[in-house]
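Raw query-v1.txt, compact mmCIF, N, CA and C atoms:
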# COMPACT_ATOMS: atom_id res chain seq x y z
N MET A 1223 82.50 47.03 -60.12
CA MET A 1223 81.92 48.04 -59.26
C MET A 1223 81.07 48.99 -60.12
N GLN A 1224 79.97 49.42 -59.56
CA GLN A 1224 79.05 50.32 -60.25
C GLN A 1224 79.74 51.65 -60.58
N LYS A 1225 79.39 52.23 -61.72
CA LYS A 1225 79.90 53.55 -62.10
C LYS A 1225 78.77 54.56 -62.00
N LEU A 1226 79.07 55.68 -61.36
CA LEU A 1226 78.14 56.81 -61.25
C LEU A 1226 78.79 58.03 -61.83
N ARG A 1227 77.98 58.85 -62.45
CA ARG A 1227 78.48 60.12 -63.00
C ARG A 1227 77.46 61.19 -62.68
N PHE A 1228 77.94 62.28 -62.09
CA PHE A 1228 77.12 63.46 -61.85
C PHE A 1228 77.58 64.51 -62.85
N VAL A 1229 76.69 64.91 -63.73
CA VAL A 1229 76.99 65.95 -64.72
C VAL A 1229 76.24 67.20 -64.27
N ALA A 1230 77.00 68.26 -64.03
CA ALA A 1230 76.39 69.49 -63.53
C ALA A 1230 76.97 70.68 -64.28
N VAL A 1231 76.09 71.63 -64.57
CA VAL A 1231 76.52 72.86 -65.22
C VAL A 1231 76.87 73.86 -64.12
N GLY A 1232 78.07 74.41 -64.20
CA GLY A 1232 78.53 75.38 -63.20
C GLY A 1232 79.38 74.72 -62.14
N LYS A 1233 80.08 75.55 -61.42
CA LYS A 1233 80.98 75.08 -60.35
C LYS A 1233 80.35 75.35 -58.99
N LEU A 1234 80.76 74.53 -58.03
CA LEU A 1234 80.37 74.79 -56.65
C LEU A 1234 81.31 75.84 -56.10
N LYS A 1235 80.78 76.99 -55.80
CA LYS A 1235 81.63 78.11 -55.38
C LYS A 1235 81.96 78.07 -53.89
N GLU A 1236 80.97 77.75 -53.07
CA GLU A 1236 81.18 77.76 -51.62
C GLU A 1236 81.81 76.45 -51.17
N SER A 1237 82.79 76.56 -50.28
CA SER A 1237 83.51 75.38 -49.81
C SER A 1237 82.60 74.41 -49.08
N PHE A 1238 81.58 74.92 -48.36
CA PHE A 1238 80.71 74.01 -47.61
C PHE A 1238 79.90 73.12 -48.54
N TYR A 1239 79.53 73.61 -49.72
CA TYR A 1239 78.84 72.75 -50.69
C TYR A 1239 79.81 71.71 -51.24
N ARG A 1240 81.03 72.14 -51.59
CA ARG A 1240 82.04 71.20 -52.10
C ARG A 1240 82.33 70.11 -51.08
N GLU A 1241 82.45 70.51 -49.81
CA GLU A 1241 82.75 69.53 -48.76
C GLU A 1241 81.60 68.55 -48.56
N ALA A 1242 80.37 69.04 -48.64
CA ALA A 1242 79.21 68.16 -48.47
C ALA A 1242 79.14 67.14 -49.61
N VAL A 1243 79.31 67.60 -50.84
CA VAL A 1243 79.29 66.67 -51.98
C VAL A 1243 80.44 65.67 -51.84
N ALA A 1244 81.62 66.14 -51.48
CA ALA A 1244 82.78 65.25 -51.32
C ALA A 1244 82.52 64.18 -50.25
N GLU A 1245 81.83 64.55 -49.18
CA GLU A 1245 81.51 63.58 -48.13
C GLU A 1245 80.61 62.47 -48.67
N TYR A 1246 79.59 62.82 -49.44
CA TYR A 1246 78.70 61.79 -49.98
C TYR A 1246 79.39 60.96 -51.06
N VAL A 1247 80.26 61.56 -51.84
CA VAL A 1247 81.03 60.80 -52.83
C VAL A 1247 81.93 59.80 -52.10
N LYS A 1248 82.53 60.24 -50.99
CA LYS A 1248 83.37 59.33 -50.19
C LYS A 1248 82.53 58.17 -49.66
N ARG A 1249 81.35 58.47 -49.14
CA ARG A 1249 80.47 57.41 -48.63
C ARG A 1249 80.03 56.46 -49.74
N LEU A 1250 79.79 57.02 -50.92
CA LEU A 1250 79.38 56.19 -52.06
C LEU A 1250 80.49 55.26 -52.54
N SER A 1251 81.73 55.55 -52.19
CA SER A 1251 82.86 54.78 -52.71
C SER A 1251 82.79 53.30 -52.35
N ARG A 1252 82.05 52.94 -51.32
CA ARG A 1252 81.90 51.51 -51.00
C ARG A 1252 80.97 50.79 -51.98
N PHE A 1253 80.19 51.57 -52.73
CA PHE A 1253 79.24 51.01 -53.68
C PHE A 1253 79.61 51.26 -55.14
N ALA A 1254 80.27 52.37 -55.40
CA ALA A 1254 80.44 52.80 -56.79
C ALA A 1254 81.65 53.71 -56.96
N ARG A 1255 82.16 53.70 -58.18
CA ARG A 1255 83.15 54.71 -58.58
C ARG A 1255 82.35 55.90 -59.08
N THR A 1256 82.60 57.04 -58.49
CA THR A 1256 81.80 58.22 -58.79
C THR A 1256 82.66 59.28 -59.44
N GLU A 1257 82.15 59.83 -60.52
CA GLU A 1257 82.83 60.91 -61.25
C GLU A 1257 81.90 62.11 -61.28
N ILE A 1258 82.48 63.27 -61.03
CA ILE A 1258 81.72 64.52 -61.14
C ILE A 1258 82.25 65.29 -62.34
N VAL A 1259 81.35 65.61 -63.25
CA VAL A 1259 81.71 66.36 -64.46
C VAL A 1259 81.05 67.73 -64.34
N GLU A 1260 81.87 68.75 -64.21
CA GLU A 1260 81.35 70.13 -64.16
C GLU A 1260 81.55 70.77 -65.52
N LEU A 1261 80.48 71.27 -66.06
CA LEU A 1261 80.52 71.92 -67.37
C LEU A 1261 80.32 73.42 -67.21
N PRO A 1262 80.91 74.20 -68.10
CA PRO A 1262 80.76 75.66 -67.98
C PRO A 1262 79.35 76.13 -68.32
N GLU A 1263 78.93 77.17 -67.62
CA GLU A 1263 77.64 77.79 -67.94
C GLU A 1263 77.78 78.53 -69.26
N ARG A 1264 76.76 78.46 -70.06
CA ARG A 1264 76.70 79.14 -71.35
C ARG A 1264 75.56 80.16 -71.30
N ALA A 1265 75.20 80.68 -72.44
CA ALA A 1265 74.16 81.71 -72.50
C ALA A 1265 72.79 81.18 -72.11
N GLY A 1266 72.58 79.89 -72.25
CA GLY A 1266 71.27 79.31 -71.91
C GLY A 1266 71.28 77.81 -72.10
N PRO A 1267 70.18 77.16 -71.79
CA PRO A 1267 70.10 75.70 -71.86
C PRO A 1267 70.43 75.11 -73.23
N GLU A 1268 70.00 75.75 -74.29
CA GLU A 1268 70.29 75.20 -75.62
C GLU A 1268 71.78 75.21 -75.93
N GLU A 1269 72.48 76.24 -75.47
CA GLU A 1269 73.92 76.34 -75.70
C GLU A 1269 74.69 75.33 -74.84
N GLU A 1270 74.09 74.86 -73.78
CA GLU A 1270 74.73 73.89 -72.89
C GLU A 1270 74.43 72.44 -73.28
N ALA A 1271 73.42 72.24 -74.10
CA ALA A 1271 72.90 70.90 -74.37
C ALA A 1271 73.92 69.95 -74.97
N ASP A 1272 74.66 70.38 -75.98
CA ASP A 1272 75.61 69.47 -76.65
C ASP A 1272 76.65 68.93 -75.68
N GLU A 1273 77.21 69.80 -74.85
CA GLU A 1273 78.22 69.35 -73.88
C GLU A 1273 77.62 68.40 -72.86
N ILE A 1274 76.42 68.69 -72.41
CA ILE A 1274 75.76 67.81 -71.45
C ILE A 1274 75.55 66.43 -72.08
N LEU A 1275 75.02 66.41 -73.28
CA LEU A 1275 74.74 65.13 -73.95
C LEU A 1275 76.01 64.32 -74.18
N ARG A 1276 77.12 64.99 -74.51
CA ARG A 1276 78.39 64.28 -74.70
C ARG A 1276 78.90 63.69 -73.39
N ALA A 1277 78.55 64.30 -72.27
CA ALA A 1277 79.03 63.83 -70.96
C ALA A 1277 78.21 62.67 -70.40
N CYS A 1278 77.04 62.42 -70.96
CA CYS A 1278 76.15 61.38 -70.42
C CYS A 1278 76.60 59.99 -70.86
N ARG A 1279 76.49 59.04 -69.93
CA ARG A 1279 76.83 57.64 -70.20
C ARG A 1279 75.75 56.76 -69.57
N GLY A 1280 75.44 55.67 -70.22
CA GLY A 1280 74.55 54.67 -69.64
C GLY A 1280 73.15 55.19 -69.39
N TYR A 1281 72.57 54.74 -68.29
CA TYR A 1281 71.21 55.12 -67.92
C TYR A 1281 71.26 56.54 -67.36
N THR A 1282 70.56 57.46 -68.01
CA THR A 1282 70.65 58.88 -67.68
C THR A 1282 69.37 59.37 -67.02
N VAL A 1283 69.55 59.99 -65.86
CA VAL A 1283 68.45 60.58 -65.10
C VAL A 1283 68.66 62.09 -65.08
N ALA A 1284 67.72 62.84 -65.64
CA ALA A 1284 67.79 64.30 -65.65
C ALA A 1284 66.90 64.85 -64.55
N LEU A 1285 67.41 65.79 -63.80
CA LEU A 1285 66.59 66.47 -62.80
C LEU A 1285 65.85 67.59 -63.51
N ALA A 1286 64.53 67.52 -63.44
CA ALA A 1286 63.68 68.49 -64.13
C ALA A 1286 62.44 68.73 -63.30
N VAL A 1287 62.04 69.98 -63.19
CA VAL A 1287 60.91 70.34 -62.33
C VAL A 1287 59.64 69.58 -62.71
N GLU A 1288 59.47 69.27 -63.99
CA GLU A 1288 58.27 68.57 -64.43
C GLU A 1288 58.42 67.05 -64.39
N GLY A 1289 59.56 66.58 -63.87
CA GLY A 1289 59.81 65.15 -63.81
C GLY A 1289 58.95 64.44 -62.77
N GLU A 1290 59.08 63.14 -62.76
CA GLU A 1290 58.34 62.28 -61.84
C GLU A 1290 58.86 62.46 -60.41
N LYS A 1291 57.94 62.51 -59.48
CA LYS A 1291 58.31 62.59 -58.07
C LYS A 1291 58.32 61.19 -57.50
N LEU A 1292 59.39 60.85 -56.80
CA LEU A 1292 59.55 59.52 -56.23
C LEU A 1292 59.83 59.62 -54.74
N SER A 1293 59.46 58.59 -54.03
CA SER A 1293 59.91 58.46 -52.64
C SER A 1293 61.38 58.03 -52.67
N SER A 1294 62.02 58.07 -51.52
CA SER A 1294 63.40 57.58 -51.47
C SER A 1294 63.47 56.11 -51.87
N GLU A 1295 62.47 55.33 -51.45
CA GLU A 1295 62.43 53.91 -51.83
C GLU A 1295 62.22 53.75 -53.33
N GLY A 1296 61.38 54.58 -53.91
CA GLY A 1296 61.16 54.53 -55.36
C GLY A 1296 62.41 54.90 -56.13
N PHE A 1297 63.11 55.92 -55.65
CA PHE A 1297 64.37 56.33 -56.28
C PHE A 1297 65.39 55.20 -56.16
N ALA A 1298 65.44 54.55 -54.99
CA ALA A 1298 66.35 53.42 -54.80
C ALA A 1298 66.03 52.29 -55.77
N ALA A 1299 64.76 52.06 -56.03
CA ALA A 1299 64.36 51.02 -56.97
C ALA A 1299 64.85 51.33 -58.38
N VAL A 1300 64.75 52.59 -58.78
CA VAL A 1300 65.24 53.00 -60.11
C VAL A 1300 66.74 52.72 -60.21
N ILE A 1301 67.48 53.13 -59.19
CA ILE A 1301 68.93 52.91 -59.18
C ILE A 1301 69.24 51.42 -59.14
N GLY A 1302 68.50 50.69 -58.33
CA GLY A 1302 68.72 49.25 -58.22
C GLY A 1302 68.53 48.52 -59.53
N ARG A 1303 67.49 48.88 -60.27
CA ARG A 1303 67.24 48.24 -61.57
C ARG A 1303 68.39 48.51 -62.55
N ALA A 1304 68.84 49.76 -62.58
CA ALA A 1304 69.95 50.10 -63.49
C ALA A 1304 71.21 49.34 -63.09
N CYS A 1305 71.47 49.24 -61.80
CA CYS A 1305 72.64 48.50 -61.32
C CYS A 1305 72.52 47.02 -61.66
N ASP A 1306 71.34 46.46 -61.46
CA ASP A 1306 71.12 45.05 -61.76
C ASP A 1306 71.34 44.75 -63.24
N GLU A 1307 71.08 45.73 -64.08
CA GLU A 1307 71.28 45.57 -65.52
C GLU A 1307 72.70 45.90 -65.94
N GLY A 1308 73.55 46.26 -64.96
CA GLY A 1308 74.95 46.56 -65.24
C GLY A 1308 75.19 47.87 -65.96
N LYS A 1309 74.25 48.78 -65.83
CA LYS A 1309 74.37 50.06 -66.54
C LYS A 1309 75.07 51.11 -65.68
N GLU A 1310 75.92 51.87 -66.33
CA GLU A 1310 76.47 53.06 -65.69
C GLU A 1310 75.32 54.03 -65.50
N LEU A 1311 75.35 54.80 -64.42
CA LEU A 1311 74.30 55.77 -64.12
C LEU A 1311 74.83 57.18 -64.24
N THR A 1312 74.10 58.02 -64.96
CA THR A 1312 74.43 59.43 -65.05
C THR A 1312 73.26 60.25 -64.53
N PHE A 1313 73.56 61.20 -63.67
CA PHE A 1313 72.56 62.14 -63.15
C PHE A 1313 72.93 63.52 -63.66
N VAL A 1314 71.95 64.23 -64.21
CA VAL A 1314 72.21 65.52 -64.84
C VAL A 1314 71.47 66.63 -64.10
N ILE A 1315 72.24 67.66 -63.72
CA ILE A 1315 71.68 68.88 -63.14
C ILE A 1315 72.06 70.02 -64.08
N GLY A 1316 71.07 70.70 -64.60
CA GLY A 1316 71.32 71.82 -65.50
C GLY A 1316 71.75 73.06 -64.74
N SER A 1317 71.89 74.13 -65.46
CA SER A 1317 72.24 75.41 -64.84
C SER A 1317 71.00 76.01 -64.18
N SER A 1318 71.16 77.19 -63.63
CA SER A 1318 70.02 77.87 -63.01
C SER A 1318 68.94 78.20 -64.04
N CYS A 1319 69.27 78.12 -65.34
CA CYS A 1319 68.29 78.35 -66.41
C CYS A 1319 67.55 77.06 -66.78
N GLY A 1320 67.95 75.93 -66.18
CA GLY A 1320 67.28 74.67 -66.47
C GLY A 1320 68.00 73.85 -67.53
N LEU A 1321 67.31 72.83 -68.01
CA LEU A 1321 67.84 71.94 -69.03
C LEU A 1321 67.08 72.14 -70.34
N SER A 1322 67.79 71.96 -71.43
CA SER A 1322 67.13 72.07 -72.73
C SER A 1322 66.19 70.88 -72.94
N ALA A 1323 65.21 71.08 -73.79
CA ALA A 1323 64.27 70.00 -74.12
C ALA A 1323 65.01 68.82 -74.74
N ARG A 1324 66.09 69.07 -75.46
CA ARG A 1324 66.86 67.98 -76.08
C ARG A 1324 67.46 67.07 -75.01
N VAL A 1325 67.98 67.66 -73.94
CA VAL A 1325 68.57 66.87 -72.86
C VAL A 1325 67.48 66.08 -72.14
N LYS A 1326 66.37 66.73 -71.86
CA LYS A 1326 65.27 66.06 -71.17
C LYS A 1326 64.73 64.89 -72.00
N THR A 1327 64.62 65.08 -73.30
CA THR A 1327 64.12 64.03 -74.18
C THR A 1327 65.12 62.88 -74.28
N ALA A 1328 66.40 63.18 -74.30
CA ALA A 1328 67.43 62.14 -74.43
C ALA A 1328 67.58 61.32 -73.15
N ALA A 1329 67.22 61.88 -72.01
CA ALA A 1329 67.36 61.17 -70.74
C ALA A 1329 66.43 59.96 -70.70
N ASP A 1330 66.87 58.93 -70.02
CA ASP A 1330 66.04 57.74 -69.84
C ASP A 1330 64.91 58.02 -68.85
N ARG A 1331 65.14 58.94 -67.95
CA ARG A 1331 64.13 59.27 -66.94
C ARG A 1331 64.33 60.71 -66.49
N ARG A 1332 63.22 61.36 -66.19
CA ARG A 1332 63.24 62.72 -65.63
C ARG A 1332 62.60 62.64 -64.26
N ILE A 1333 63.30 63.15 -63.27
CA ILE A 1333 62.73 63.15 -61.93
C ILE A 1333 62.78 64.56 -61.35
N SER A 1334 61.88 64.79 -60.42
CA SER A 1334 61.81 66.06 -59.70
C SER A 1334 61.86 65.74 -58.22
N PHE A 1335 62.68 66.46 -57.50
CA PHE A 1335 62.77 66.24 -56.06
C PHE A 1335 61.71 67.02 -55.30
N SER A 1336 61.11 68.02 -55.95
CA SER A 1336 60.12 68.84 -55.25
C SER A 1336 59.49 69.83 -56.21
N ASP A 1337 58.33 70.35 -55.84
CA ASP A 1337 57.76 71.47 -56.57
C ASP A 1337 58.45 72.78 -56.20
N MET A 1338 59.20 72.73 -55.12
CA MET A 1338 59.91 73.93 -54.66
C MET A 1338 61.15 74.16 -55.52
N THR A 1339 61.65 75.39 -55.49
CA THR A 1339 62.87 75.74 -56.18
C THR A 1339 64.01 75.74 -55.16
N PHE A 1340 65.10 75.05 -55.50
CA PHE A 1340 66.28 75.00 -54.64
C PHE A 1340 67.44 75.69 -55.34
N PRO A 1341 68.36 76.26 -54.57
CA PRO A 1341 69.56 76.81 -55.20
C PRO A 1341 70.28 75.69 -55.96
N HIS A 1342 70.78 76.02 -57.12
CA HIS A 1342 71.44 75.05 -57.99
C HIS A 1342 72.53 74.29 -57.23
N GLN A 1343 73.34 74.99 -56.47
CA GLN A 1343 74.45 74.35 -55.76
C GLN A 1343 73.95 73.42 -54.66
N LEU A 1344 72.91 73.81 -53.96
CA LEU A 1344 72.36 72.96 -52.91
C LEU A 1344 71.76 71.70 -53.51
N MET A 1345 71.20 71.78 -54.69
CA MET A 1345 70.61 70.61 -55.33
C MET A 1345 71.65 69.53 -55.56
N ARG A 1346 72.88 69.92 -55.81
CA ARG A 1346 73.94 68.92 -56.00
C ARG A 1346 74.18 68.15 -54.71
N VAL A 1347 74.11 68.83 -53.59
CA VAL A 1347 74.27 68.16 -52.29
C VAL A 1347 73.08 67.22 -52.07
N ILE A 1348 71.88 67.71 -52.31
CA ILE A 1348 70.68 66.90 -52.11
C ILE A 1348 70.73 65.65 -53.00
N LEU A 1349 71.10 65.81 -54.25
CA LEU A 1349 71.19 64.67 -55.15
C LEU A 1349 72.21 63.65 -54.65
N ALA A 1350 73.39 64.12 -54.28
CA ALA A 1350 74.43 63.21 -53.79
C ALA A 1350 73.95 62.44 -52.57
N GLU A 1351 73.27 63.14 -51.66
CA GLU A 1351 72.76 62.46 -50.46
C GLU A 1351 71.71 61.44 -50.82
N GLN A 1352 70.80 61.77 -51.72
CA GLN A 1352 69.73 60.85 -52.08
C GLN A 1352 70.26 59.63 -52.85
N VAL A 1353 71.29 59.81 -53.65
CA VAL A 1353 71.90 58.67 -54.32
C VAL A 1353 72.55 57.76 -53.28
N TYR A 1354 73.26 58.36 -52.32
CA TYR A 1354 73.84 57.57 -51.23
C TYR A 1354 72.74 56.85 -50.45
N ARG A 1355 71.68 57.55 -50.12
CA ARG A 1355 70.56 56.95 -49.39
C ARG A 1355 70.00 55.76 -50.18
N ALA A 1356 69.87 55.92 -51.50
CA ALA A 1356 69.35 54.85 -52.34
C ALA A 1356 70.23 53.60 -52.26
N PHE A 1357 71.53 53.79 -52.31
CA PHE A 1357 72.43 52.64 -52.20
C PHE A 1357 72.31 52.00 -50.81
N MET A 1358 72.14 52.82 -49.79
CA MET A 1358 71.98 52.28 -48.44
C MET A 1358 70.66 51.51 -48.31
N ILE A 1359 69.60 52.03 -48.89
CA ILE A 1359 68.31 51.31 -48.90
C ILE A 1359 68.49 49.97 -49.60
N ASN A 1360 69.12 50.00 -50.75
CA ASN A 1360 69.29 48.77 -51.54
C ASN A 1360 70.18 47.75 -50.84
N SER A 1361 71.06 48.22 -49.94
CA SER A 1361 71.94 47.31 -49.22
C SER A 1361 71.30 46.81 -47.92
N GLY A 1362 70.11 47.34 -47.60
CA GLY A 1362 69.42 46.93 -46.37
C GLY A 1362 69.94 47.60 -45.12
N SER A 1363 70.62 48.71 -45.29
CA SER A 1363 71.21 49.42 -44.14
C SER A 1363 70.16 50.16 -43.32
N ALA A 1364 70.52 50.44 -42.09
CA ALA A 1364 69.63 51.19 -41.19
C ALA A 1364 69.71 52.71 -41.42
N TYR A 1365 70.57 53.16 -42.32
CA TYR A 1365 70.73 54.60 -42.57
C TYR A 1365 69.39 55.25 -42.89
N HIS A 1366 68.62 54.60 -43.73
CA HIS A 1366 67.32 55.14 -44.14
C HIS A 1366 66.27 54.77 -43.10
N LYS A 1367 65.67 55.78 -42.50
CA LYS A 1367 64.65 55.52 -41.46
C LYS A 1367 63.32 56.10 -41.87

Here is a file; write its structure as structure tokens.
Amino acid sequence: MQKLRFVAVGKLKESFYREAVAEYVKRLSRFARTEIVELPERAGPEEEADEILRACRGYTVALAVEGEKLSSEGFAAVIGRACDEGKELTFVIGSSCGLSARVKTAADRRISFSDMTFPHQLMRVILAEQVYRAFMINSGSAYHK
């Protein structure tokens, strides 16, 4: 079974965000074993970098504002290729201060979901949903319309 890892700096404080992420992790369970790694916020991105890098496994995708923008189908293709190669997938969300250049450089891919700024906690929900959507696209499901 595919392994997924979400590495995020900071905790989800509001229960509705935790519940939303938990729902998508539950849905993903038919496709993958999913682990969420929450790391403590530090003084800034450079102070967080070592812990983030230690938490990454396999094919690593960092969310970064300057990253590549993909359609849902394009994102599904990225995930599909990594799965086909038998690689564990790690998705990294930095703190509200962003990610250090070291983390961005170490990642196999940098993607951006939008030019807009989203609350850090909401981005975790969006990422979980899009990863689930990608698996549904790759399985040929009608979920993605």

- Could you tell me, as a PyMOL selection string, which residues of chain A DSSP assigns to helix (DSSP H, G or I) when given the backbone? chain A and resi 1237-1250+1267-1277+1294-1306+1323-1328+1342-1360

- Message: Taking 4 positions as the minimum chain separation for residues in the same chain, which residues sit within 8 Å of Phe1253 in chain A when counting only C-alpha atoms? Answer as a PyMOL selection string.
- Response: chain A and resi 1223-1224+1357

Need the shell around Lys1291 in chain A: protein/DNA/RNA residues with any atom at most 6.5 Å away, counting all atoms listed in the file. Skip same-chain ones fewer than 6 positions apart. Format as a JSON list (two decimals) with N, CA and C atoms, keeping the file's coordinate frame?
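Resulting contents of around_17.json:
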[["chain", "number", "residue", "atom", "x", "y", "z"],
["A", 1333, "ILE", "N", 63.30, 63.15, -63.27],
["A", 1333, "ILE", "CA", 62.73, 63.15, -61.93],
["A", 1333, "ILE", "C", 62.78, 64.56, -61.35],
["A", 1334, "SER", "N", 61.88, 64.79, -60.42],
["A", 1334, "SER", "CA", 61.81, 66.06, -59.70],
["A", 1334, "SER", "C", 61.86, 65.74, -58.22],
["A", 1335, "PHE", "N", 62.68, 66.46, -57.50],
["A", 1335, "PHE", "CA", 62.77, 66.24, -56.06],
["A", 1335, "PHE", "C", 61.71, 67.02, -55.30],
["A", 1336, "SER", "N", 61.11, 68.02, -55.95],
["A", 1336, "SER", "CA", 60.12, 68.84, -55.25],
["A", 1336, "SER", "C", 59.49, 69.83, -56.21]]

Protein/DNA/RNA residues near (66.7, 72.6, -65.1), cut 6 Å, all atoms listed in the file, as a compact mmCIF listing (two decimals) with N, CA and C atoms, in the frame of the given file:
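Result written to selection_34.txt:
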# COMPACT_ATOMS: atom_id res chain seq x y z
N LEU A 1285 67.41 65.79 -63.80
CA LEU A 1285 66.59 66.47 -62.80
C LEU A 1285 65.85 67.59 -63.51
N ALA A 1286 64.53 67.52 -63.44
CA ALA A 1286 63.68 68.49 -64.13
C ALA A 1286 62.44 68.73 -63.30
N VAL A 1287 62.04 69.98 -63.19
CA VAL A 1287 60.91 70.34 -62.33
C VAL A 1287 59.64 69.58 -62.71
N GLY A 1316 71.07 70.70 -64.60
CA GLY A 1316 71.32 71.82 -65.50
C GLY A 1316 71.75 73.06 -64.74
N SER A 1317 71.89 74.13 -65.46
CA SER A 1317 72.24 75.41 -64.84
C SER A 1317 71.00 76.01 -64.18
N CYS A 1319 69.27 78.12 -65.34
CA CYS A 1319 68.29 78.35 -66.41
C CYS A 1319 67.55 77.06 -66.78
N GLY A 1320 67.95 75.93 -66.18
CA GLY A 1320 67.28 74.67 -66.47
C GLY A 1320 68.00 73.85 -67.53
N LEU A 1321 67.31 72.83 -68.01
CA LEU A 1321 67.84 71.94 -69.03
C LEU A 1321 67.08 72.14 -70.34

Per-axis box centre and lengths in Å around range 1280-1292 of chain A, 8 Å margin per side, axis-aligned, as lines of an AutoDock Vina configuration file:
center_x = 66.7
center_y = 62.5
center_z = -62.5
size_x = 33.5
size_y = 31.7
size_z = 31.5

- chain A: which residues are strand (DSSP E) by DSSP, as an NGL selection string? :A and (1224-1231 or 1254-1261 or 1281-1291 or 1311-1315 or 1331-1334)

Residue completion, range 1332-1338 of chain A, all heavy atoms, as an mmCIF file, in the coordinates of the input:
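File written: part02.cif
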data_model
loop_
_atom_site.group_PDB
_atom_site.id
_atom_site.type_symbol
_atom_site.label_atom_id
_atom_site.label_comp_id
_atom_site.auth_asym_id
_atom_site.auth_seq_id
_atom_site.Cartn_x
_atom_site.Cartn_y
_atom_site.Cartn_z
ATOM 1 N N ARG A 1332 63.220 61.360 -66.190
ATOM 2 C CA ARG A 1332 63.240 62.720 -65.630
ATOM 3 C C ARG A 1332 62.600 62.640 -64.260
ATOM 4 O O ARG A 1332 61.496 62.104 -64.120
ATOM 5 C CB ARG A 1332 62.484 63.679 -66.539
ATOM 6 C CG ARG A 1332 63.215 63.973 -67.828
ATOM 7 C CD ARG A 1332 62.400 64.783 -68.805
ATOM 8 N NE ARG A 1332 61.135 64.174 -69.202
ATOM 9 C CZ ARG A 1332 61.005 63.159 -70.038
ATOM 10 N NH1 ARG A 1332 62.056 62.601 -70.569
ATOM 11 N NH2 ARG A 1332 59.819 62.673 -70.346
ATOM 12 N N ILE A 1333 63.300 63.150 -63.270
ATOM 13 C CA ILE A 1333 62.730 63.150 -61.930
ATOM 14 C C ILE A 1333 62.780 64.560 -61.350
ATOM 15 O O ILE A 1333 63.594 65.388 -61.746
ATOM 16 C CB ILE A 1333 63.431 62.160 -60.974
ATOM 17 C CG1 ILE A 1333 64.884 62.543 -60.752
ATOM 18 C CG2 ILE A 1333 63.299 60.740 -61.469
ATOM 19 C CD1 ILE A 1333 65.507 61.810 -59.593
ATOM 20 N N SER A 1334 61.880 64.790 -60.420
ATOM 21 C CA SER A 1334 61.810 66.060 -59.700
ATOM 22 C C SER A 1334 61.860 65.740 -58.220
ATOM 23 O O SER A 1334 61.159 64.847 -57.749
ATOM 24 C CB SER A 1334 60.500 66.785 -60.026
ATOM 25 O OG SER A 1334 60.351 67.918 -59.193
ATOM 26 N N PHE A 1335 62.680 66.460 -57.500
ATOM 27 C CA PHE A 1335 62.770 66.240 -56.060
ATOM 28 C C PHE A 1335 61.710 67.020 -55.300
ATOM 29 O O PHE A 1335 61.456 66.730 -54.144
ATOM 30 C CB PHE A 1335 64.166 66.610 -55.563
ATOM 31 C CG PHE A 1335 65.191 65.532 -55.791
ATOM 32 C CD1 PHE A 1335 65.236 64.826 -56.978
ATOM 33 C CD2 PHE A 1335 66.114 65.218 -54.811
ATOM 34 C CE1 PHE A 1335 66.173 63.831 -57.194
ATOM 35 C CE2 PHE A 1335 67.054 64.215 -55.012
ATOM 36 C CZ PHE A 1335 67.084 63.522 -56.204
ATOM 37 N N SER A 1336 61.110 68.020 -55.950
ATOM 38 C CA SER A 1336 60.120 68.840 -55.250
ATOM 39 C C SER A 1336 59.490 69.830 -56.210
ATOM 40 O O SER A 1336 60.073 70.145 -57.253
ATOM 41 C CB SER A 1336 60.798 69.593 -54.101
ATOM 42 O OG SER A 1336 59.914 70.477 -53.469
ATOM 43 N N ASP A 1337 58.330 70.350 -55.840
ATOM 44 C CA ASP A 1337 57.760 71.470 -56.570
ATOM 45 C C ASP A 1337 58.450 72.780 -56.200
ATOM 46 O O ASP A 1337 58.275 73.790 -56.871
ATOM 47 C CB ASP A 1337 56.262 71.600 -56.280
ATOM 48 C CG ASP A 1337 55.455 70.487 -56.931
ATOM 49 O OD1 ASP A 1337 55.881 69.974 -57.983
ATOM 50 O OD2 ASP A 1337 54.401 70.134 -56.375
ATOM 51 N N MET A 1338 59.200 72.730 -55.120
ATOM 52 C CA MET A 1338 59.910 73.930 -54.660
ATOM 53 C C MET A 1338 61.150 74.160 -55.520
ATOM 54 O O MET A 1338 61.653 73.255 -56.170
ATOM 55 C CB MET A 1338 60.354 73.779 -53.208
ATOM 56 C CG MET A 1338 59.228 73.700 -52.237
ATOM 57 S SD MET A 1338 59.936 73.497 -50.583
ATOM 58 C CE MET A 1338 58.449 73.643 -49.630
#
